[in-house]
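This report refers to the structure that appears directly beneath it.
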Amino acid sequence: LENYFGDITLSAVWQLHEYQINYVGIDNLNTSNLKTKFTIQDEPLSIDYSNFFGNGYSLYHLALDENYLNILQDGDKLYFDTISRPNPDTINIYIKAVDFHNGGGNGTKNSPYVIETAEHFGALLEGQKSGNVQHIKLNNDIEVLDVFDTQKPLENIIFDGNDKTIYFMYINSINNFAGLIPSIKNCQFSNINFVASNFYDGVIFDETKYIGLVFGNINNSILNDISLVFEEELTVQSQSETGMMYISAFAGRAENSSVLNNIKIKGSPLFDICANGDLNLYFGTICAAVYNSLIINSQIDFQASFNVDLYKENAQAIIFTSGLANLWRDAKIYNSISHGVIFAKSFEFSRVISSGIANAFAEGATAKNIFAVYE
């Protein structure tokens, strides 16, 4: 424009205007540290809701005055942008939350907390804080359609799936771990059926190191009698920025004396992997990386296929695939069966090291009574 019209000066005059914010929608809402007034220049309005609720609450619905759009959640903060100046001078923010304790029970062995809905399950993932052991029971089949804002591992949970089914199509993440349940510590999960529905536009992770579609990381925990079924030939998309990735249909990593007993997996997913440089990829159907832990009495009926694309010129990939798991120091796998095949649809500039049973990468890794069946 300067070539045609010379110098141009743009100026804007902002009108100072103060608004009163009312937070409504839940009893005992803690707003003591919240900003209740702001001026138009303060946009976007930022609200820290980390102290809104007590243990076990999940913020799952917000509604604002009609002039407010574009709600962005980032950790424990919510950001709101206005498209026009609110009128009158009061803004009402309507907050609704769910408490997983409200399903019933008191968290003891004889009276566990009851998970009735997907919202209760989300509240458990988002709001549970470490403390005394809590017993939880799944009372219904549920369909999980949301990504939950999981910030910390689940700890000290004894979860009875009651032979119910959790249908899911999104994955959550904490730090280096991603999964429907990103990380557990000192927990027990048993008698659960997971069904992975077709993922909308795939599942994309940029820098996550350990990816398990059900559990990202299992630390000093026990898993008994759990099944995973892939409902359709779904595609899992993952992009590596770090050059190292561990990915699994079930669990990204198991460590610190964890036990996975009677895990059953069935399906035919496609894993679509891309990297911006060299890539080391470790895939294990039950677990991508096992450290000082045990897999026992487990079975897979599984056909996985991979696409691997490297964007950087002359980049190379080394792909380790195993029918059951990749074993590191003091990892053990006993009495298990691998039925199926893992094959490459497209490995560009890649070297593939594949085992129908397990790959061992460190001393103390042990496999006994393991069978691989291929047709």
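Going by the structure tokens order, chains are called A, B, ..., each with residues numbered from 1, while ligands are numbered from 1 in the order shown.
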Handout entry: 9 Å contact set for A:Asn139, only C-alpha atoms, chain neighbours under 3 positions out, as JSON, numbers by chain
Key = {"A": [114, 115, 116, 117, 161, 162, 164]}
Output C-alpha atoms of each residue in that selection to a file, as an mmCIF file, in the first residue's frame.
data_model
loop_
_atom_site.group_PDB
_atom_site.id
_atom_site.type_symbol
_atom_site.label_atom_id
_atom_site.label_comp_id
_atom_site.auth_asym_id
_atom_site.auth_seq_id
_atom_site.Cartn_x
_atom_site.Cartn_y
_atom_site.Cartn_z
ATOM 1 C CA VAL A 114 -20.363 -46.641 41.477
ATOM 2 C CA ILE A 115 -19.632 -45.422 37.953
ATOM 3 C CA GLU A 116 -22.990 -45.075 36.201
ATOM 4 C CA THR A 117 -22.201 -42.842 33.228
ATOM 5 C CA GLY A 161 -15.324 -53.471 35.714
ATOM 6 C CA ASN A 162 -18.134 -55.854 36.699
ATOM 7 C CA LYS A 164 -19.212 -54.277 31.681
#
Discussion item. Residues within 7 Å of stretch 184-200 of chain A, please, as a ChimeraX atom specification. Count only C-alpha atoms; anything in the same chain fewer than 3 positions from it doesn't count.
Written reply: /A:153-170,203,217-232,234-235
Write down as a ChimeraX atom specification the residues belonging to stretch 119-233 of chain A that are assigned strand (DSSP E or B) by DSSP computed on the backbone. /A:134-138,142-144,154-155,157-168,172-174,177-179,181-185,188-196,210-212,215-219,222-230
Just give me the gap between atom CA of A:Leu310 and atom CA of A:Ser183 in Å, one decimal is fine.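 Distance reported for this atom pair: 29.0 Å.
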Tell me which protein, DNA and RNA residues are within 8 Å of A:Lys312, counting only C-alpha atoms, leaving out same-chain ones fewer than 6 positions away, and put them as an NGL selection string.
:A and (275-278)
The residue from A:Gln134, A:Ser305, A:Asn256, A:Asn140 with the smallest atom-to-atom distance to A:His120, counting only C-alpha atoms, is A:Asn140
- request: Give me the residues within 7 Å of stretch 351-354 of chain A as a list in words, counting only C-alpha atoms and dropping any in the same chain fewer than 6 places off.
  value: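 Near neighbours after the sequence-gap exclusion: Ala317, Ile318, Ile319, Phe320, Thr321 and Ser322 of chain A.
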Would you output that residue set with N, CA and C atoms, as a PDB file, in the first residue's frame?
ATOM      1  N   ALA A 317      14.369 -45.351   9.487  1.00  0.00           N
ATOM      2  CA  ALA A 317      13.604 -45.847  10.628  1.00  0.00           C
ATOM      3  C   ALA A 317      13.996 -47.284  10.912  1.00  0.00           C
ATOM      4  N   ILE A 318      14.056 -47.607  12.194  1.00  0.00           N
ATOM      5  CA  ILE A 318      14.218 -48.993  12.637  1.00  0.00           C
ATOM      6  C   ILE A 318      12.952 -49.362  13.391  1.00  0.00           C
ATOM      7  N   ILE A 319      12.268 -50.389  12.920  1.00  0.00           N
ATOM      8  CA  ILE A 319      10.968 -50.766  13.455  1.00  0.00           C
ATOM      9  C   ILE A 319      11.087 -52.129  14.131  1.00  0.00           C
ATOM     10  N   PHE A 320      10.787 -52.189  15.424  1.00  0.00           N
ATOM     11  CA  PHE A 320      10.752 -53.446  16.161  1.00  0.00           C
ATOM     12  C   PHE A 320       9.285 -53.791  16.435  1.00  0.00           C
ATOM     13  N   THR A 321       8.825 -54.917  15.917  1.00  0.00           N
ATOM     14  CA  THR A 321       7.445 -55.329  16.175  1.00  0.00           C
ATOM     15  C   THR A 321       7.449 -56.685  16.856  1.00  0.00           C
ATOM     16  N   SER A 322       6.529 -56.854  17.792  1.00  0.00           N
ATOM     17  CA  SER A 322       6.412 -58.130  18.500  1.00  0.00           C
ATOM     18  C   SER A 322       4.943 -58.499  18.644  1.00  0.00           C
TER      19      SER A 322
END
Worksheet item: When DSSP works through the backbone of this structure, what residues of stretch 100-179 of chain A end up as alpha helix (DSSP H), shown as a PyMOL selection string?
Response: chain A and resi 118-127
Selected residues written out, C-alpha atoms, as a PDB file, in the first residue's frame:
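Below is the file again33.pdb, written as the result:
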ATOM      1  CA  ALA A 118     -19.400 -41.709  30.937  1.00  0.00           C
ATOM      2  CA  GLU A 119     -19.474 -38.397  32.831  1.00  0.00           C
ATOM      3  CA  HIS A 120     -18.737 -40.243  36.092  1.00  0.00           C
ATOM      4  CA  PHE A 121     -15.842 -42.019  34.371  1.00  0.00           C
ATOM      5  CA  GLY A 122     -14.523 -38.693  33.079  1.00  0.00           C
ATOM      6  CA  ALA A 123     -14.775 -37.200  36.551  1.00  0.00           C
ATOM      7  CA  LEU A 124     -12.710 -40.083  37.892  1.00  0.00           C
ATOM      8  CA  LEU A 125      -9.982 -39.427  35.305  1.00  0.00           C
ATOM      9  CA  GLU A 126     -10.012 -35.648  35.724  1.00  0.00           C
ATOM     10  CA  GLY A 127     -10.709 -35.159  39.386  1.00  0.00           C
TER      11      GLY A 127
END
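Nearest to A:Gly212 of all the residues A:Asn369, A:Asn132, A:Ser338, A:Ser173 is A:Ser173, counting only C-alpha atoms.
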**Test item: residues at most 9 Å from A:Phe177, only C-alpha atoms, excluding those fewer than 4 positions along its chain, as a ChimeraX atom specification** = /A:172-173,182-183,208-212,215-217,252-253
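Restricting the calculation to only C-alpha atoms, the smallest distance between A:Tyr334 and any of A:Ala365, A:Ile273, A:Ile136, A:Ile181 is found for A:Ala365.
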